[in-house]
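*Asks:* Just upload_12.cif, nothing more (mmCIF, C-alpha atoms):
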data_target
#
loop_
_atom_site.label_atom_id
_atom_site.label_comp_id
_atom_site.auth_asym_id
_atom_site.auth_seq_id
_atom_site.Cartn_x
_atom_site.Cartn_y
_atom_site.Cartn_z
CA MET A 1 -23.94 -22.42 -62.48
CA LYS A 2 -26.31 -24.13 -60.06
CA LYS A 3 -25.46 -27.57 -58.69
CA SER A 4 -28.48 -29.25 -60.32
CA HIS A 5 -27.53 -27.68 -63.64
CA ASN A 6 -23.97 -29.01 -63.31
CA ILE A 7 -25.29 -32.51 -62.59
CA LYS A 8 -27.44 -32.37 -65.74
CA VAL A 9 -24.45 -31.23 -67.83
CA PHE A 10 -22.30 -34.03 -66.38
CA ALA A 11 -25.03 -36.64 -67.00
CA LYS A 12 -25.52 -35.51 -70.61
CA GLY A 13 -21.78 -35.65 -71.15
CA ALA A 14 -21.69 -39.21 -69.77
CA VAL A 15 -24.53 -40.33 -72.05
CA ILE A 16 -22.91 -38.77 -75.11
CA GLY A 17 -19.43 -40.06 -74.23
CA GLY A 18 -20.66 -43.61 -73.74
CA SER A 19 -23.09 -43.74 -76.62
CA MET A 20 -20.58 -42.43 -79.16
CA LEU A 21 -18.90 -45.84 -78.99
CA LEU A 22 -21.97 -47.28 -80.72
CA PRO A 23 -21.32 -47.67 -84.47
CA GLY A 24 -23.61 -45.46 -86.55
CA LEU A 25 -24.61 -43.12 -83.73
CA SER A 26 -23.39 -39.52 -83.92
CA GLY A 27 -22.21 -37.50 -80.93
CA GLY A 28 -23.57 -34.33 -82.51
CA THR A 29 -26.96 -35.97 -83.01
CA LEU A 30 -27.01 -37.07 -79.37
CA ALA A 31 -26.13 -33.53 -78.27
CA ILE A 32 -29.15 -32.26 -80.22
CA LEU A 33 -31.34 -34.99 -78.69
CA LEU A 34 -30.28 -33.88 -75.21
CA GLY A 35 -30.69 -30.16 -75.94
CA ILE A 36 -27.06 -29.25 -75.37
CA TYR A 37 -25.70 -28.87 -78.92
CA ASP A 38 -26.09 -25.10 -79.32
CA LYS A 39 -24.62 -24.48 -75.87
CA LEU A 40 -21.54 -26.58 -76.64
CA ILE A 41 -20.88 -24.79 -79.92
CA LYS A 42 -21.41 -21.38 -78.35
CA SER A 43 -19.23 -22.09 -75.30
CA VAL A 44 -16.23 -23.30 -77.31
CA SER A 45 -16.59 -20.41 -79.75
CA ASP A 46 -16.82 -17.86 -76.92
CA ILE A 47 -13.63 -19.21 -75.34
CA THR A 48 -11.73 -18.67 -78.60
CA LYS A 49 -13.09 -15.10 -78.57
CA ARG A 50 -12.13 -14.68 -74.87
CA ILE A 51 -15.76 -14.13 -73.86
CA ASP A 52 -16.79 -15.22 -70.32
CA ILE A 53 -13.93 -17.72 -70.29
CA LYS A 54 -14.35 -18.90 -66.68
CA ARG A 55 -18.05 -19.76 -67.02
CA ASN A 56 -17.70 -21.43 -70.41
CA LEU A 57 -14.60 -23.36 -69.38
CA LEU A 58 -16.34 -24.66 -66.26
CA PHE A 59 -19.29 -25.82 -68.37
CA LEU A 60 -17.03 -27.59 -70.87
CA CYS A 61 -14.90 -29.20 -68.14
CA ILE A 62 -17.99 -30.64 -66.43
CA PHE A 63 -19.34 -31.89 -69.75
CA SER A 64 -15.97 -33.37 -70.80
CA LEU A 65 -15.50 -35.09 -67.44
CA GLY A 66 -18.92 -36.68 -67.84
CA GLY A 67 -18.04 -37.72 -71.40
CA LEU A 68 -14.75 -39.28 -70.31
CA ILE A 69 -16.32 -41.23 -67.45
CA GLY A 70 -19.19 -42.29 -69.71
CA ALA A 71 -16.78 -43.53 -72.39
CA ILE A 72 -14.67 -45.49 -69.89
CA SER A 73 -17.72 -46.99 -68.16
CA PHE A 74 -19.59 -47.89 -71.34
CA SER A 75 -16.49 -49.37 -72.99
CA HIS A 76 -16.58 -52.21 -70.41
CA ILE A 77 -20.24 -53.12 -70.89
CA LEU A 78 -20.80 -52.13 -74.53
CA SER A 79 -19.91 -55.45 -76.16
CA SER A 80 -22.15 -57.56 -73.90
CA VAL A 81 -25.13 -55.18 -74.17
CA LEU A 82 -24.85 -55.03 -77.96
CA SER A 83 -24.54 -58.77 -78.30
CA LEU A 84 -27.73 -59.30 -76.27
CA TRP A 85 -29.93 -56.35 -77.25
CA GLY A 86 -28.12 -54.53 -80.08
CA PHE A 87 -30.68 -55.38 -82.78
CA TYR A 88 -33.69 -54.04 -80.87
CA LEU A 89 -31.84 -51.09 -79.33
CA SER A 90 -31.17 -49.92 -82.90
CA PHE A 91 -34.92 -49.31 -83.31
CA LEU A 92 -34.96 -47.19 -80.13
CA PHE A 93 -32.06 -45.12 -81.50
CA MET A 94 -33.77 -44.85 -84.90
CA GLY A 95 -36.93 -43.49 -83.30
CA ALA A 96 -34.87 -40.98 -81.33
CA VAL A 97 -33.06 -39.77 -84.45
CA ILE A 98 -36.31 -39.48 -86.42
CA GLY A 99 -37.80 -37.48 -83.54
CA THR A 100 -34.85 -35.11 -83.70
CA VAL A 101 -35.62 -33.91 -87.23
CA PRO A 102 -38.81 -31.92 -86.44
CA VAL A 103 -37.08 -30.47 -83.35
CA ILE A 104 -34.28 -29.14 -85.58
CA TYR A 105 -36.80 -27.65 -88.01
CA LYS A 106 -38.42 -25.79 -85.11
CA GLN A 107 -35.02 -24.48 -84.02
CA SER A 108 -34.36 -23.17 -87.50
CA GLY A 109 -37.33 -20.80 -87.17
CA ALA A 110 -38.98 -22.17 -90.32
CA ASP A 111 -42.77 -22.02 -90.26
CA ARG A 112 -43.04 -23.82 -93.59
CA LEU A 113 -40.54 -25.53 -95.86
CA SER A 114 -39.22 -23.66 -98.88
CA LEU A 115 -37.29 -24.99 -101.88
CA LYS A 116 -34.12 -23.53 -100.33
CA ASP A 117 -34.80 -25.51 -97.13
CA VAL A 118 -35.20 -28.74 -99.07
CA LEU A 119 -32.00 -28.09 -101.03
CA SER A 120 -30.07 -27.29 -97.82
CA THR A 121 -31.32 -30.53 -96.24
CA ALA A 122 -30.28 -32.46 -99.37
CA ILE A 123 -26.81 -30.88 -99.21
CA GLY A 124 -26.46 -32.10 -95.61
CA VAL A 125 -27.46 -35.64 -96.61
CA MET A 126 -25.07 -35.70 -99.56
CA LEU A 127 -22.14 -34.35 -97.53
CA SER A 128 -22.66 -36.94 -94.81
CA VAL A 129 -23.08 -39.79 -97.29
CA SER A 130 -19.94 -38.69 -99.16
CA ILE A 131 -17.88 -38.71 -95.97
CA ASN A 132 -19.16 -42.16 -95.06
CA LEU A 133 -18.25 -43.56 -98.50
CA ILE A 134 -14.55 -43.20 -97.69
CA PRO A 135 -13.01 -46.71 -97.51
CA GLU A 136 -12.11 -48.12 -94.09
CA ASN A 137 -8.60 -48.54 -92.64
CA VAL A 138 -7.14 -45.41 -94.25
CA MET A 139 -4.82 -44.91 -91.27
CA ASN A 140 -4.15 -48.19 -89.45
CA ILE A 141 -1.83 -47.40 -86.51
CA SER A 142 -1.67 -49.85 -83.62
CA ASP A 143 1.28 -48.32 -81.71
CA ILE A 144 3.36 -45.14 -81.68
CA ASN A 145 6.94 -45.91 -82.66
CA SER A 146 7.85 -42.67 -84.44
CA PHE A 147 7.00 -38.99 -84.65
CA SER A 148 5.22 -39.54 -87.99
CA GLU A 149 2.80 -41.99 -86.29
CA PHE A 150 2.25 -39.46 -83.48
CA LEU A 151 1.50 -36.81 -86.13
CA LEU A 152 -0.90 -39.11 -88.00
CA LEU A 153 -2.85 -39.80 -84.80
CA PHE A 154 -2.93 -36.03 -84.15
CA ILE A 155 -4.48 -35.55 -87.62
CA ALA A 156 -6.89 -38.40 -86.85
CA GLY A 157 -7.93 -36.45 -83.75
CA ILE A 158 -8.83 -33.45 -85.94
CA PHE A 159 -11.08 -35.66 -88.10
CA ILE A 160 -12.64 -37.12 -84.96
CA ALA A 161 -13.30 -33.56 -83.69
CA ILE A 162 -15.26 -32.78 -86.87
CA ALA A 163 -17.25 -35.99 -86.39
CA LEU A 164 -17.88 -34.97 -82.78
CA ILE A 165 -19.24 -31.58 -83.82
CA LEU A 166 -21.27 -32.42 -86.92
CA PRO A 167 -24.51 -34.33 -86.34
CA GLY A 168 -24.95 -37.37 -88.55
CA ILE A 169 -21.25 -38.26 -88.69
CA SER A 170 -20.53 -41.13 -86.32
CA VAL A 171 -17.32 -40.94 -84.31
CA SER A 172 -17.17 -44.73 -84.20
CA TYR A 173 -17.54 -44.92 -87.98
CA THR A 174 -14.83 -42.28 -88.37
CA LEU A 175 -12.56 -44.48 -86.24
CA LEU A 176 -13.41 -47.43 -88.49
CA ILE A 177 -12.53 -45.39 -91.59
CA LEU A 178 -9.21 -44.44 -90.02
CA GLY A 179 -8.61 -48.09 -89.07
CA ILE A 180 -8.20 -47.43 -85.35
CA TYR A 181 -11.66 -48.27 -83.93
CA GLN A 182 -10.73 -51.38 -81.95
CA ARG A 183 -7.35 -49.93 -80.94
CA VAL A 184 -9.02 -46.80 -79.50
CA ILE A 185 -11.61 -48.91 -77.64
CA ASP A 186 -8.78 -50.96 -76.11
CA ALA A 187 -6.78 -47.81 -75.31
CA VAL A 188 -9.75 -46.28 -73.48
CA LYS A 189 -10.43 -49.51 -71.56
CA ASN A 190 -6.77 -49.91 -70.58
CA LEU A 191 -6.10 -46.18 -70.08
CA ASP A 192 -3.28 -46.24 -72.65
CA ILE A 193 -2.43 -42.55 -72.28
CA LEU A 194 0.46 -42.61 -74.79
CA TYR A 195 -1.88 -43.70 -77.60
CA ILE A 196 -4.80 -41.47 -76.56
CA LEU A 197 -2.70 -38.29 -76.07
CA PRO A 198 -2.04 -37.31 -79.74
CA ILE A 199 -5.67 -38.05 -80.63
CA ALA A 200 -6.81 -35.88 -77.72
CA PHE A 201 -4.53 -33.00 -78.83
CA GLY A 202 -5.90 -33.27 -82.35
CA CYS A 203 -9.46 -33.23 -81.03
CA VAL A 204 -8.82 -30.07 -79.01
CA VAL A 205 -7.28 -28.26 -82.00
CA GLY A 206 -10.06 -29.44 -84.32
CA ILE A 207 -12.83 -28.49 -81.92
CA LEU A 208 -11.43 -24.99 -81.25
CA GLY A 209 -10.97 -24.24 -84.94
CA PHE A 210 -14.08 -25.82 -86.44
CA THR A 211 -16.51 -24.80 -83.68
CA ARG A 212 -15.80 -21.09 -84.11
CA LEU A 213 -16.51 -21.39 -87.83
CA LEU A 214 -19.73 -23.31 -87.18
CA ASP A 215 -20.86 -20.78 -84.56
CA TYR A 216 -20.34 -17.96 -87.06
CA LEU A 217 -22.32 -19.82 -89.73
CA MET A 218 -25.13 -20.66 -87.28
CA THR A 219 -25.37 -16.98 -86.30
CA LYS A 220 -25.13 -15.61 -89.84
CA PHE A 221 -27.11 -18.26 -91.74
CA THR A 222 -29.20 -19.82 -88.97
CA ARG A 223 -32.00 -21.34 -91.02
CA SER A 224 -29.80 -22.81 -93.78
CA VAL A 225 -27.28 -24.26 -91.31
CA TYR A 226 -30.03 -25.96 -89.28
CA MET A 227 -31.46 -27.42 -92.48
CA ILE A 228 -28.03 -28.77 -93.45
CA ILE A 229 -27.70 -30.21 -89.93
CA SER A 230 -31.09 -31.89 -90.35
CA GLY A 231 -29.67 -33.50 -93.51
CA PHE A 232 -26.73 -34.83 -91.51
CA VAL A 233 -29.13 -36.26 -88.93
CA ILE A 234 -31.40 -37.84 -91.55
CA SER A 235 -28.37 -39.57 -93.07
CA CYS A 236 -27.90 -41.41 -89.74
CA ILE A 237 -31.14 -43.36 -90.10
CA PRO A 238 -30.10 -45.91 -92.77
CA ARG A 239 -26.83 -46.61 -90.92
CA ILE A 240 -28.65 -47.33 -87.66
CA PHE A 241 -31.36 -49.49 -89.28
CA PRO A 242 -30.43 -53.12 -88.43
CA GLY A 243 -32.86 -54.80 -90.84
CA LEU A 244 -36.45 -56.02 -90.48
CA PRO A 245 -37.32 -58.08 -87.41
CA THR A 246 -38.99 -61.45 -87.73
CA GLY A 247 -42.09 -62.92 -86.08
CA VAL A 248 -42.80 -61.52 -82.64
CA GLY A 249 -39.73 -59.30 -83.00
CA TYR A 250 -42.07 -56.68 -84.48
CA LEU A 251 -43.83 -56.50 -81.09
CA ILE A 252 -40.54 -55.33 -79.57
CA ALA A 253 -39.05 -53.29 -82.40
CA ILE A 254 -42.08 -51.12 -83.28
CA PRO A 255 -42.86 -50.03 -79.68
CA LEU A 256 -39.18 -49.18 -79.16
CA LEU A 257 -39.21 -47.12 -82.36
CA ILE A 258 -42.30 -45.23 -81.17
CA VAL A 259 -40.88 -44.71 -77.67
CA GLY A 260 -37.61 -43.36 -79.08
CA PHE A 261 -39.50 -40.90 -81.29
CA TRP A 262 -41.92 -39.80 -78.56
CA VAL A 263 -39.25 -39.24 -75.89
CA VAL A 264 -37.17 -37.03 -78.15
CA TYR A 265 -39.98 -35.15 -79.84
CA SER A 266 -41.94 -34.42 -76.66
CA VAL A 267 -39.15 -34.15 -74.09
CA ALA A 268 -36.01 -33.03 -75.96
CA GLY A 269 -37.82 -30.15 -77.62
CA LYS A 270 -38.73 -28.72 -74.22
CA ALA A 271 -35.25 -29.40 -72.88
CA GLN A 272 -33.70 -27.40 -75.69
CA LYS A 273 -35.85 -24.36 -74.84
CA ASN A 274 -35.17 -24.52 -71.12
CA PHE A 275 -31.52 -25.68 -71.01
CA VAL A 276 -29.67 -22.42 -70.49
#
Show this structure as structure tokens.

*Replies:*
Amino acid sequence: MKKSHNIKVFAKGAVIGGSMLLPGLSGGTLAILLGIYDKLIKSVSDITKRIDIKRNLLFLCIFSLGGLIGAISFSHILSSVLSLWGFYLSFLFMGAVIGTVPVIYKQSGADRLSLKDVLSTAIGVMLSVSINLIPENVMNISDINSFSEFLLLFIAGIFIAIALILPGISVSYTLLILGIYQRVIDAVKNLDILYILPIAFGCVVGILGFTRLLDYLMTKFTRSVYMIISGFVISCIPRIFPGLPTGVGYLIAIPLLIVGFWVVYSVAGKAQKNFV
């Protein structure tokens, strides 16, 4: 891979790694926004099939390193940025997510929507909504004092891996459901390796297993899978929406919404075609 290409992969990993700490924002959705989603799925799947292992592993290592550095860096500034600009930044993110939907439809190869496409999109929305209706604090573990707690965090890592892969399912919200959101944020900030390790193992196992299945489905049922993915992405919008602004706030919120949509629709679409 060329040096400039590696820098782009690293930068995209950093953006995704840092932004996934934002509640309501999906890592899979961000990967689609940045035109790297298909490549990630394909690379992991190819490794499990022992296809071009060196090249794919290098790509994933560069991306993961960027994600790790992004997560560590953003974890230190996230709270202050959100407290100052969180409300209006939500409109920028909303515009970006809305702009992703037509890009996904183009990727599906659909020239016009059919009833099957609409039903597939609805299935994606319903699946995402169902997952996000699970009550919070299902698995509240603050420290590892036994093997059973280690195992539970490993299982949590598998769930996090699925949230990482599927657009529309927020990793941060998954952490909230499991009851470990704040503990994971603190562990990343303080480099608490003992707590992060079982989650990381679970993520690796989940990613290797689920990605191969998703790659197969995307190859075999391309159009339907992309429509379901669009449903997952659409389901993000209500969770990101912070409420209506007041007074002059509309003069900030609406332009940010438009900018978010325009950047993704006009730029991300081209990036997806020219990434590889």

*Asks:* Which residues of region 186-270 of chain A come within 12 Å of region 24-44 of chain A, and what is each one's closest atom pair and distance in Å (one decimal), counting all atoms listed in the file, sorted by chain and residue number, as a tab-separated table?

*Replies:*
residue	atom	partner	partner_atom	distance
A:Val204	CA	A:Val44	CA	10.2
A:Val205	CA	A:Val44	CA	11.3
A:Gly206	CA	A:Val44	CA	11.2
A:Ile207	CA	A:Val44	CA	7.7
A:Leu208	CA	A:Val44	CA	6.4
A:Gly209	CA	A:Val44	CA	9.3
A:Phe210	CA	A:Ile41	CA	9.5
A:Thr211	CA	A:Ile41	CA	5.8
A:Arg212	CA	A:Val44	CA	7.2
A:Leu213	CA	A:Ile41	CA	9.7
A:Leu214	CA	A:Ile41	CA	7.5
A:Asp215	CA	A:Ile41	CA	6.1
A:Tyr216	CA	A:Lys42	CA	9.4
A:Leu217	CA	A:Ile41	CA	11.1
A:Met218	CA	A:Asp38	CA	9.2
A:Thr219	CA	A:Lys42	CA	9.9
A:Thr222	CA	A:Asp38	CA	11.4
A:Tyr226	CA	A:Asp38	CA	10.7
A:Ile229	CA	A:Thr29	CA	9.0
A:Ser230	CA	A:Thr29	CA	9.4
A:Gly231	CA	A:Thr29	CA	11.1
A:Phe232	CA	A:Thr29	CA	8.6
A:Val233	CA	A:Thr29	CA	6.3
A:Ile234	CA	A:Thr29	CA	9.8
A:Ser235	CA	A:Gly24	CA	10.0
A:Cys236	CA	A:Gly24	CA	6.7
A:Ile237	CA	A:Gly24	CA	8.6
A:Pro238	CA	A:Gly24	CA	9.0
A:Arg239	CA	A:Gly24	CA	5.5
A:Ile240	CA	A:Gly24	CA	5.5
A:Phe241	CA	A:Gly24	CA	9.2
A:Pro242	CA	A:Gly24	CA	10.4
A:Gly260	CA	A:Leu33	CA	10.5
A:Phe261	CA	A:Leu33	CA	10.4
A:Trp262	CA	A:Leu33	CA	11.6
A:Val263	CA	A:Leu33	CA	9.4
A:Val264	CA	A:Leu33	CA	6.2
A:Tyr265	CA	A:Leu33	CA	8.7
A:Ser266	CA	A:Leu33	CA	10.8
A:Val267	CA	A:Leu34	CA	8.9
A:Ala268	CA	A:Leu33	CA	5.8
A:Gly269	CA	A:Gly35	CA	7.3
A:Lys270	CA	A:Gly35	CA	8.3

*Asks:* Identify which of the residues A:Leu164, A:Leu257, A:Ala156, A:Ala200 lies closest to Phe91 (chain A), counting only C-alpha atoms when measuring atom-to-atom distances.

*Replies:* A:Leu257

*Asks:* For each of A:Leu153, A:Val188, A:Leu57, A:Ile180, take the minimum atom-to-atom distance to Phe201 (chain A), counting all atoms listed in the file, then give the residue where this is smallest.

*Replies:*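 Smallest separation from Phe201 (chain A) among the options: A:Leu153.
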
*Asks:* The PyMOL selection byres ((chain A and resi 154) around 6) on the file shown: which residues, as a list of chain:residue names?

*Replies:*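 For this structure, the PyMOL selection byres ((chain A and resi 154) around 6) captures A:Leu151, A:Leu152, A:Leu153, A:Ile155, A:Ala156, A:Gly157, A:Pro198, A:Ile199, A:Gly202.
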
*Asks:* Could you give me, as a list in words, the residues within 12 Å of region 109-114 of chain A, counting all atoms listed in the file and dropping anything in the same chain fewer than 5 positions from it?

*Replies:*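 Here the qualifying residues turn out to be Pro102, Val103, Ile104, Leu119, Ser120, Thr121, Phe221, Thr222, Arg223, Ser224, Val225, Tyr226 and Met227 of chain A.
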
*Asks:* So what do you get for CA of Gly18 (chain A) versus CA of Val129 (chain A), distance-wise?

*Replies:*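 CA of Gly18 (chain A) sits 24.0 Å away from CA of Val129 (chain A).
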